[in-house]
Amino acid sequence: MMSKAIADGIHYFGLQGMPFAVRRVCTDSSHAPSHPHDLTEVEHTHDFCELVIVTHGSAMHCLEGDAFPVTAGDVFLLQGRQSHYFYDRRDLDLINVMYDPEGITLPESELRKLPGYSAMFLLEPTYRRRHRFASRLHLGRVPLAHVERLAEEMERECTDQAPGYEVALRAKLLELLVYLSRAYTNTDTTEAHALLRVGKVIGELENNFARDWTLDELLKIAHMSRSTLMRVFRRATGQTPIDYLVRLRIQKAMHLLCHTDETITEIAMEIGFNDSNYFSRQFRRIVGKTPRKYRMDGAMGY
């Protein structure tokens, strides 16, 4: 029976510094480990995100008990706690970009304005098994070379750790995520197009959160039936589109309460609530305290 392991971030990121690392995996005749804690052929899970870039060769990738072929040009995200490993490696070369999104404090709300980001990094990992990996991103040789160059630059920053390397790494990671998101928008598979339609809904909500959206308007954007959109959206986000919008507005309100002197009524109107009492009830439901109490606690440094 194959042994299982947990890939702890501490083994790749260290005890201090930025929770980010770049590791290369190369396949030789003996399949020797490419670096310490190389678990490529060992079934394992992560406590971080791993962006896999296949730069050469091919292999079978076993994810949560299902196997999919991977080849040079495939790029996909492995989220934490997803059990996986590679086998039948044939000259397989990988670049693994490993990071903790919370530790790096990625601007998720800004990234989700890109339909390709929501589709590739939020929806595709959820629907990978159902789509039999057909919804993955596959890059041609020229864009793959560009992605590999960005990964090499991040690898150098990790190795040299020159002053300001944390800022440079965050900037380069964001550049990579945006580049891949735009590339995913141009993916021509039917499965990817379905995810992009939902990604477009998320992007519209992020870009226009104060608008008085109706479910019918979102259905037109997605070109989906009500039941399909509800199922796909909830499976990916754990929420309905309307609840996602409400929570997005509350997130914006939390920022305004702490960083502006606007009244609670003004904030409610600014973020899309026409009734300040309804806004206060929703805020308390989601945050656990009233907007006034949240503002007071923030001013007191709690």
# chains A, B, ... in the order shown; residues from 1 in each chain; ligands from 1
call {"tool": "residues_around", "arguments": {"residues": "Val232 in chain A", "least_positions_apart": "6", "cutoff": "9 Å", "atoms": "only C-alpha atoms", "output": "CSV table (one decimal) with N, CA and C atoms, in the first residue's frame"}}
result
chain,number,residue,atom,x,y,z
A,123,LEU,N,-13.1,27.9,-9.4
A,123,LEU,CA,-14.0,26.9,-9.9
A,123,LEU,C,-13.4,25.7,-10.5
A,127,TYR,N,-14.3,21.6,-10.0
A,127,TYR,CA,-15.0,20.8,-11.0
A,127,TYR,C,-14.0,19.9,-11.8
A,195,LEU,N,-17.2,27.3,-16.9
A,195,LEU,CA,-16.6,27.9,-15.7
A,195,LEU,C,-16.4,29.4,-15.9
A,198,VAL,N,-19.6,31.4,-15.2
A,198,VAL,CA,-19.8,31.6,-13.7
A,198,VAL,C,-18.7,32.6,-13.2
call {"tool": "residues_around", "arguments": {"residues": "Ser34 in chain A", "least_positions_apart": "6", "cutoff": "9 Å", "atoms": "only C-alpha atoms", "output": "CSV table (one decimal) with N, CA and C atoms, in the first residue's frame"}}
result
chain,number,residue,atom,x,y,z
A,23,ARG,N,9.8,25.3,-6.3
A,23,ARG,CA,10.6,24.0,-6.3
A,23,ARG,C,10.4,23.4,-7.7
A,24,ARG,N,11.6,23.0,-8.3
A,24,ARG,CA,11.6,22.3,-9.5
A,24,ARG,C,11.6,20.8,-9.3
A,25,VAL,N,10.9,20.0,-10.2
A,25,VAL,CA,11.0,18.6,-10.1
A,25,VAL,C,11.4,18.1,-11.5
A,26,CYS,N,12.5,17.4,-11.6
A,26,CYS,CA,13.0,16.8,-12.8
A,26,CYS,C,13.0,15.3,-12.7
A,27,THR,N,12.7,14.6,-13.8
A,27,THR,CA,12.7,13.2,-13.8
A,27,THR,C,13.9,12.6,-14.4
call {"tool": "select_by_dssp", "arguments": {"residues": "range 5-177 of chain A", "states": "helix (DSSP H, G or I)", "output": "VMD selection string"}}
result
chain A and resid 10 to 13 101 to 104 108 to 111 115 to 127 141 to 160 165 to 177
call {"tool": "residues_around", "arguments": {"residues": "range 173-183 of chain A", "least_positions_apart": "4", "cutoff": "7 Å", "atoms": "only C-alpha atoms", "output": "list of chain:residue names"}}
result
A:Leu114, A:Gly116, A:Tyr117, A:Met120, A:Val147, A:Leu150, A:Leu169, A:Thr187
call {"tool": "closest_residue", "arguments": {"among": "A:Asp100, A:Thr237, A:Pro69, A:Thr40", "to": "Pro125 in chain A", "atoms": "only C-alpha atoms"}}
result
A:Thr237
call {"tool": "atom_distance", "arguments": {"atom1": "CA of Val287 in chain A", "atom2": "CA of Met230 in chain A"}}
result
24.2 Å
call {"tool": "residues_around", "arguments": {"residues": "range 260-267 of chain A", "least_positions_apart": "2", "cutoff": "12 Å", "atoms": "only C-alpha atoms", "output": "PyMOL selection string"}}
result
chain A and resi 210+249-258+269-280+283+290-296+298-299
call {"tool": "residues_around", "arguments": {"residues": "His138 in chain A", "least_positions_apart": "6", "cutoff": "8 Å", "atoms": "only C-alpha atoms", "output": "VMD selection string"}}
result
chain A and resid 73 to 75 187
call {"tool": "closest_residue", "arguments": {"among": "A:Ala192, A:Ile286, A:Leu144, A:Leu51", "to": "Pro101 in chain A", "atoms": "only C-alpha atoms"}}
result
A:Leu51
call {"tool": "atom_distance", "arguments": {"atom1": "CA of Tyr244 in chain A", "atom2": "CA of Ile202 in chain A"}}
result
8.7 Å
call {"tool": "atom_distance", "arguments": {"atom1": "CA of Asp297 in chain A", "atom2": "CA of Arg247 in chain A"}}
result
20.1 Å
call {"tool": "residues_around", "arguments": {"residues": "Ala21 in chain A", "least_positions_apart": "6", "cutoff": "8 Å", "atoms": "only C-alpha atoms", "output": "list in words"}}
result
Tyr12, Phe13, Val97, Met98, Tyr99, Glu155 and Cys158 of chain A
call {"tool": "closest_residue", "arguments": {"among": "A:Ala194, A:Pro107, A:Glu43, A:Asp216", "to": "Gly65 in chain A", "atoms": "only C-alpha atoms"}}
result
A:Glu43
call {"tool": "residues_around", "arguments": {"residues": "Ser109 in chain A", "least_positions_apart": "3", "cutoff": "7 Å", "atoms": "only C-alpha atoms", "output": "number ranges by chain"}}
result
A: 112-113, 206
call {"tool": "select_by_dssp", "arguments": {"residues": "range 6-244 of chain A", "states": "strand (DSSP E or B)", "output": "PDB file with N, CA and C atoms, in the first residue's frame"}}
result
ATOM      1  N   ILE A   6       1.930  14.318   4.640  1.00  0.00           N
ATOM      2  CA  ILE A   6       1.421  15.679   4.663  1.00  0.00           C
ATOM      3  C   ILE A   6       2.582  16.612   4.362  1.00  0.00           C
ATOM      4  N   ALA A   7       2.414  17.417   3.331  1.00  0.00           N
ATOM      5  CA  ALA A   7       3.455  18.385   2.965  1.00  0.00           C
ATOM      6  C   ALA A   7       3.229  19.643   3.796  1.00  0.00           C
ATOM      7  N   PHE A  20       6.191  31.354   0.900  1.00  0.00           N
ATOM      8  CA  PHE A  20       6.252  31.229  -0.560  1.00  0.00           C
ATOM      9  C   PHE A  20       7.514  30.470  -0.925  1.00  0.00           C
ATOM     10  N   ALA A  21       7.409  29.563  -1.887  1.00  0.00           N
ATOM     11  CA  ALA A  21       8.586  28.824  -2.348  1.00  0.00           C
ATOM     12  C   ALA A  21       8.359  28.343  -3.773  1.00  0.00           C
ATOM     13  N   VAL A  22       9.445  28.181  -4.500  1.00  0.00           N
ATOM     14  CA  VAL A  22       9.416  27.620  -5.849  1.00  0.00           C
ATOM     15  C   VAL A  22      10.320  26.411  -5.861  1.00  0.00           C
ATOM     16  N   ARG A  23       9.798  25.274  -6.291  1.00  0.00           N
ATOM     17  CA  ARG A  23      10.579  24.046  -6.348  1.00  0.00           C
ATOM     18  C   ARG A  23      10.449  23.420  -7.734  1.00  0.00           C
ATOM     19  N   ARG A  24      11.591  22.959  -8.261  1.00  0.00           N
ATOM     20  CA  ARG A  24      11.595  22.261  -9.546  1.00  0.00           C
ATOM     21  C   ARG A  24      11.638  20.759  -9.322  1.00  0.00           C
ATOM     22  N   VAL A  25      10.939  20.031 -10.155  1.00  0.00           N
ATOM     23  CA  VAL A  25      10.972  18.571 -10.129  1.00  0.00           C
ATOM     24  C   VAL A  25      11.389  18.098 -11.509  1.00  0.00           C
ATOM     25  N   CYS A  26      12.484  17.361 -11.565  1.00  0.00           N
ATOM     26  CA  CYS A  26      12.981  16.802 -12.823  1.00  0.00           C
ATOM     27  C   CYS A  26      13.020  15.286 -12.698  1.00  0.00           C
ATOM     28  N   GLU A  43       1.774   9.754  -2.320  1.00  0.00           N
ATOM     29  CA  GLU A  43       0.465  10.356  -2.102  1.00  0.00           C
ATOM     30  C   GLU A  43       0.540  11.277  -0.885  1.00  0.00           C
ATOM     31  N   HIS A  44       0.101  12.528  -1.080  1.00  0.00           N
ATOM     32  CA  HIS A  44       0.234  13.503  -0.011  1.00  0.00           C
ATOM     33  C   HIS A  44      -0.801  14.609  -0.141  1.00  0.00           C
ATOM     34  N   THR A  45      -0.943  15.371   0.919  1.00  0.00           N
ATOM     35  CA  THR A  45      -1.779  16.561   0.924  1.00  0.00           C
ATOM     36  C   THR A  45      -0.925  17.742   1.361  1.00  0.00           C
ATOM     37  N   HIS A  46      -1.456  18.960   1.154  1.00  0.00           N
ATOM     38  CA  HIS A  46      -0.744  20.175   1.525  1.00  0.00           C
ATOM     39  C   HIS A  46      -1.505  20.938   2.598  1.00  0.00           C
ATOM     40  N   CYS A  49      -1.358  26.220  -0.898  1.00  0.00           N
ATOM     41  CA  CYS A  49      -1.711  26.084  -2.311  1.00  0.00           C
ATOM     42  C   CYS A  49      -0.457  25.799  -3.134  1.00  0.00           C
ATOM     43  N   GLU A  50      -0.639  25.000  -4.167  1.00  0.00           N
ATOM     44  CA  GLU A  50       0.482  24.671  -5.048  1.00  0.00           C
ATOM     45  C   GLU A  50       0.037  24.839  -6.495  1.00  0.00           C
ATOM     46  N   LEU A  51       0.687  25.761  -7.185  1.00  0.00           N
ATOM     47  CA  LEU A  51       0.427  25.967  -8.598  1.00  0.00           C
ATOM     48  C   LEU A  51       1.428  25.122  -9.379  1.00  0.00           C
ATOM     49  N   VAL A  52       0.920  24.154 -10.143  1.00  0.00           N
ATOM     50  CA  VAL A  52       1.771  23.213 -10.871  1.00  0.00           C
ATOM     51  C   VAL A  52       1.898  23.666 -12.323  1.00  0.00           C
ATOM     52  N   ILE A  53       3.130  23.810 -12.778  1.00  0.00           N
ATOM     53  CA  ILE A  53       3.413  24.182 -14.158  1.00  0.00           C
ATOM     54  C   ILE A  53       4.210  23.041 -14.784  1.00  0.00           C
ATOM     55  N   VAL A  54       3.621  22.344 -15.741  1.00  0.00           N
ATOM     56  CA  VAL A  54       4.302  21.226 -16.395  1.00  0.00           C
ATOM     57  C   VAL A  54       5.101  21.787 -17.569  1.00  0.00           C
ATOM     58  N   THR A  55       6.426  21.737 -17.471  1.00  0.00           N
ATOM     59  CA  THR A  55       7.274  22.364 -18.487  1.00  0.00           C
ATOM     60  C   THR A  55       7.802  21.375 -19.528  1.00  0.00           C
ATOM     61  N   HIS A  56       7.765  20.078 -19.211  1.00  0.00           N
ATOM     62  CA  HIS A  56       8.334  19.099 -20.145  1.00  0.00           C
ATOM     63  C   HIS A  56       7.795  17.711 -19.807  1.00  0.00           C
ATOM     64  N   GLY A  57       7.663  16.873 -20.840  1.00  0.00           N
ATOM     65  CA  GLY A  57       7.314  15.480 -20.621  1.00  0.00           C
ATOM     66  C   GLY A  57       5.851  15.257 -20.297  1.00  0.00           C
ATOM     67  N   SER A  58       5.582  14.100 -19.682  1.00  0.00           N
ATOM     68  CA  SER A  58       4.205  13.727 -19.373  1.00  0.00           C
ATOM     69  C   SER A  58       4.181  12.805 -18.163  1.00  0.00           C
ATOM     70  N   ALA A  59       2.987  12.562 -17.641  1.00  0.00           N
ATOM     71  CA  ALA A  59       2.807  11.657 -16.506  1.00  0.00           C
ATOM     72  C   ALA A  59       1.326  11.445 -16.295  1.00  0.00           C
ATOM     73  N   MET A  60       1.013  10.553 -15.361  1.00  0.00           N
ATOM     74  CA  MET A  60      -0.353  10.421 -14.876  1.00  0.00           C
ATOM     75  C   MET A  60      -0.416  11.108 -13.518  1.00  0.00           C
ATOM     76  N   HIS A  61      -1.482  11.854 -13.314  1.00  0.00           N
ATOM     77  CA  HIS A  61      -1.664  12.564 -12.050  1.00  0.00           C
ATOM     78  C   HIS A  61      -2.881  11.977 -11.344  1.00  0.00           C
ATOM     79  N   CYS A  62      -2.674  11.433 -10.165  1.00  0.00           N
ATOM     80  CA  CYS A  62      -3.759  10.861  -9.378  1.00  0.00           C
ATOM     81  C   CYS A  62      -4.214  11.899  -8.357  1.00  0.00           C
ATOM     82  N   LEU A  63      -5.456  12.323  -8.474  1.00  0.00           N
ATOM     83  CA  LEU A  63      -6.014  13.344  -7.594  1.00  0.00           C
ATOM     84  C   LEU A  63      -7.292  12.815  -6.958  1.00  0.00           C
ATOM     85  N   ASP A  66      -8.775   9.720  -8.578  1.00  0.00           N
ATOM     86  CA  ASP A  66      -8.970   9.716 -10.025  1.00  0.00           C
ATOM     87  C   ASP A  66      -7.662  10.077 -10.716  1.00  0.00           C
ATOM     88  N   ALA A  67      -7.407   9.450 -11.860  1.00  0.00           N
ATOM     89  CA  ALA A  67      -6.147   9.672 -12.574  1.00  0.00           C
ATOM     90  C   ALA A  67      -6.396  10.432 -13.872  1.00  0.00           C
ATOM     91  N   PHE A  68      -5.515  11.408 -14.163  1.00  0.00           N
ATOM     92  CA  PHE A  68      -5.611  12.210 -15.368  1.00  0.00           C
ATOM     93  C   PHE A  68      -4.223  12.325 -16.002  1.00  0.00           C
ATOM     94  N   PRO A  69      -4.142  12.286 -17.326  1.00  0.00           N
ATOM     95  CA  PRO A  69      -2.838  12.506 -17.970  1.00  0.00           C
ATOM     96  C   PRO A  69      -2.475  13.983 -17.968  1.00  0.00           C
ATOM     97  N   VAL A  70      -1.212  14.301 -17.719  1.00  0.00           N
ATOM     98  CA  VAL A  70      -0.724  15.676 -17.800  1.00  0.00           C
ATOM     99  C   VAL A  70       0.437  15.721 -18.774  1.00  0.00           C
ATOM    100  N   THR A  71       0.559  16.830 -19.480  1.00  0.00           N
ATOM    101  CA  THR A  71       1.623  16.998 -20.467  1.00  0.00           C
ATOM    102  C   THR A  71       2.175  18.411 -20.374  1.00  0.00           C
ATOM    103  N   ASP A  74       0.465  22.102 -19.346  1.00  0.00           N
ATOM    104  CA  ASP A  74      -0.640  22.081 -18.386  1.00  0.00           C
ATOM    105  C   ASP A  74      -0.278  22.912 -17.155  1.00  0.00           C
ATOM    106  N   VAL A  75      -1.218  23.725 -16.698  1.00  0.00           N
ATOM    107  CA  VAL A  75      -1.035  24.536 -15.495  1.00  0.00           C
ATOM    108  C   VAL A  75      -2.308  24.403 -14.667  1.00  0.00           C
ATOM    109  N   PHE A  76      -2.169  24.040 -13.399  1.00  0.00           N
ATOM    110  CA  PHE A  76      -3.359  23.871 -12.567  1.00  0.00           C
ATOM    111  C   PHE A  76      -3.011  24.096 -11.103  1.00  0.00           C
ATOM    112  N   LEU A  77      -4.033  24.446 -10.344  1.00  0.00           N
ATOM    113  CA  LEU A  77      -3.869  24.746  -8.926  1.00  0.00           C
ATOM    114  C   LEU A  77      -4.288  23.554  -8.084  1.00  0.00           C
ATOM    115  N   LEU A  78      -3.449  23.213  -7.106  1.00  0.00           N
ATOM    116  CA  LEU A  78      -3.792  22.209  -6.106  1.00  0.00           C
ATOM    117  C   LEU A  78      -4.055  22.937  -4.800  1.00  0.00           C
ATOM    118  N   HIS A  84      -2.917  13.858  -3.610  1.00  0.00           N
ATOM    119  CA  HIS A  84      -2.506  13.633  -5.000  1.00  0.00           C
ATOM    120  C   HIS A  84      -1.076  13.109  -5.061  1.00  0.00           C
ATOM    121  N   TYR A  85      -0.705  12.601  -6.240  1.00  0.00           N
ATOM    122  CA  TYR A  85       0.669  12.206  -6.551  1.00  0.00           C
ATOM    123  C   TYR A  85       0.761  11.960  -8.052  1.00  0.00           C
ATOM    124  N   PHE A  86       1.991  11.859  -8.565  1.00  0.00           N
ATOM    125  CA  PHE A  86       2.227  11.591  -9.979  1.00  0.00           C
ATOM    126  C   PHE A  86       2.849  10.204 -10.134  1.00  0.00           C
ATOM    127  N   TYR A  87       2.531   9.546 -11.246  1.00  0.00           N
ATOM    128  CA  TYR A  87       3.160   8.260 -11.543  1.00  0.00           C
ATOM    129  C   TYR A  87       3.296   8.114 -13.061  1.00  0.00           C
ATOM    130  N   ASP A  88       3.986   7.063 -13.461  1.00  0.00           N
ATOM    131  CA  ASP A  88       4.268   6.841 -14.887  1.00  0.00           C
ATOM    132  C   ASP A  88       4.887   8.090 -15.503  1.00  0.00           C
ATOM    133  N   ARG A  89       5.898   8.629 -14.807  1.00  0.00           N
ATOM    134  CA  ARG A  89       6.557   9.843 -15.288  1.00  0.00           C
ATOM    135  C   ARG A  89       7.452   9.533 -16.489  1.00  0.00           C
ATOM    136  N   ARG A  90       7.302  10.334 -17.502  1.00  0.00           N
ATOM    137  CA  ARG A  90       8.117  10.178 -18.713  1.00  0.00           C
ATOM    138  C   ARG A  90       8.765  11.531 -19.032  1.00  0.00           C
ATOM    139  N   ASP A  91      10.017  11.652 -18.578  1.00  0.00           N
ATOM    140  CA  ASP A  91      10.768  12.907 -18.751  1.00  0.00           C
ATOM    141  C   ASP A  91       9.981  14.101 -18.198  1.00  0.00           C
ATOM    142  N   LEU A  92       9.239  13.877 -17.143  1.00  0.00           N
ATOM    143  CA  LEU A  92       8.390  14.931 -16.588  1.00  0.00           C
ATOM    144  C   LEU A  92       9.224  15.959 -15.837  1.00  0.00           C
ATOM    145  N   ASP A  93       9.039  17.225 -16.192  1.00  0.00           N
ATOM    146  CA  ASP A  93       9.633  18.339 -15.461  1.00  0.00           C
ATOM    147  C   ASP A  93       8.504  19.263 -15.014  1.00  0.00           C
ATOM    148  N   LEU A  94       8.551  19.648 -13.744  1.00  0.00           N
ATOM    149  CA  LEU A  94       7.532  20.510 -13.162  1.00  0.00           C
ATOM    150  C   LEU A  94       8.177  21.704 -12.490  1.00  0.00           C
ATOM    151  N   ILE A  95       7.408  22.773 -12.397  1.00  0.00           N
ATOM    152  CA  ILE A  95       7.721  23.868 -11.487  1.00  0.00           C
ATOM    153  C   ILE A  95       6.542  23.980 -10.540  1.00  0.00           C
ATOM    154  N   ASN A  96       6.797  23.858  -9.252  1.00  0.00           N
ATOM    155  CA  ASN A  96       5.758  23.992  -8.242  1.00  0.00           C
ATOM    156  C   ASN A  96       5.901  25.345  -7.554  1.00  0.00           C
ATOM    157  N   VAL A  97       4.903  26.185  -7.713  1.00  0.00           N
ATOM    158  CA  VAL A  97       4.872  27.474  -7.038  1.00  0.00           C
ATOM    159  C   VAL A  97       3.960  27.297  -5.820  1.00  0.00           C
ATOM    160  N   MET A  98       4.563  27.300  -4.629  1.00  0.00           N
ATOM    161  CA  MET A  98       3.843  26.988  -3.395  1.00  0.00           C
ATOM    162  C   MET A  98       3.673  28.249  -2.560  1.00  0.00           C
ATOM    163  N   TYR A  99       2.456  28.464  -2.062  1.00  0.00           N
ATOM    164  CA  TYR A  99       2.219  29.689  -1.294  1.00  0.00           C
ATOM    165  C   TYR A  99       0.990  29.530  -0.404  1.00  0.00           C
ATOM    166  N   LEU A 137      -6.085  24.593 -17.662  1.00  0.00           N
ATOM    167  CA  LEU A 137      -5.410  25.517 -18.569  1.00  0.00           C
ATOM    168  C   LEU A 137      -4.279  24.783 -19.262  1.00  0.00           C
ATOM    169  N   HIS A 138      -4.220  24.884 -20.569  1.00  0.00           N
ATOM    170  CA  HIS A 138      -3.102  24.305 -21.332  1.00  0.00           C
ATOM    171  C   HIS A 138      -2.488  25.411 -22.177  1.00  0.00           C
TER     172      HIS A 138
END
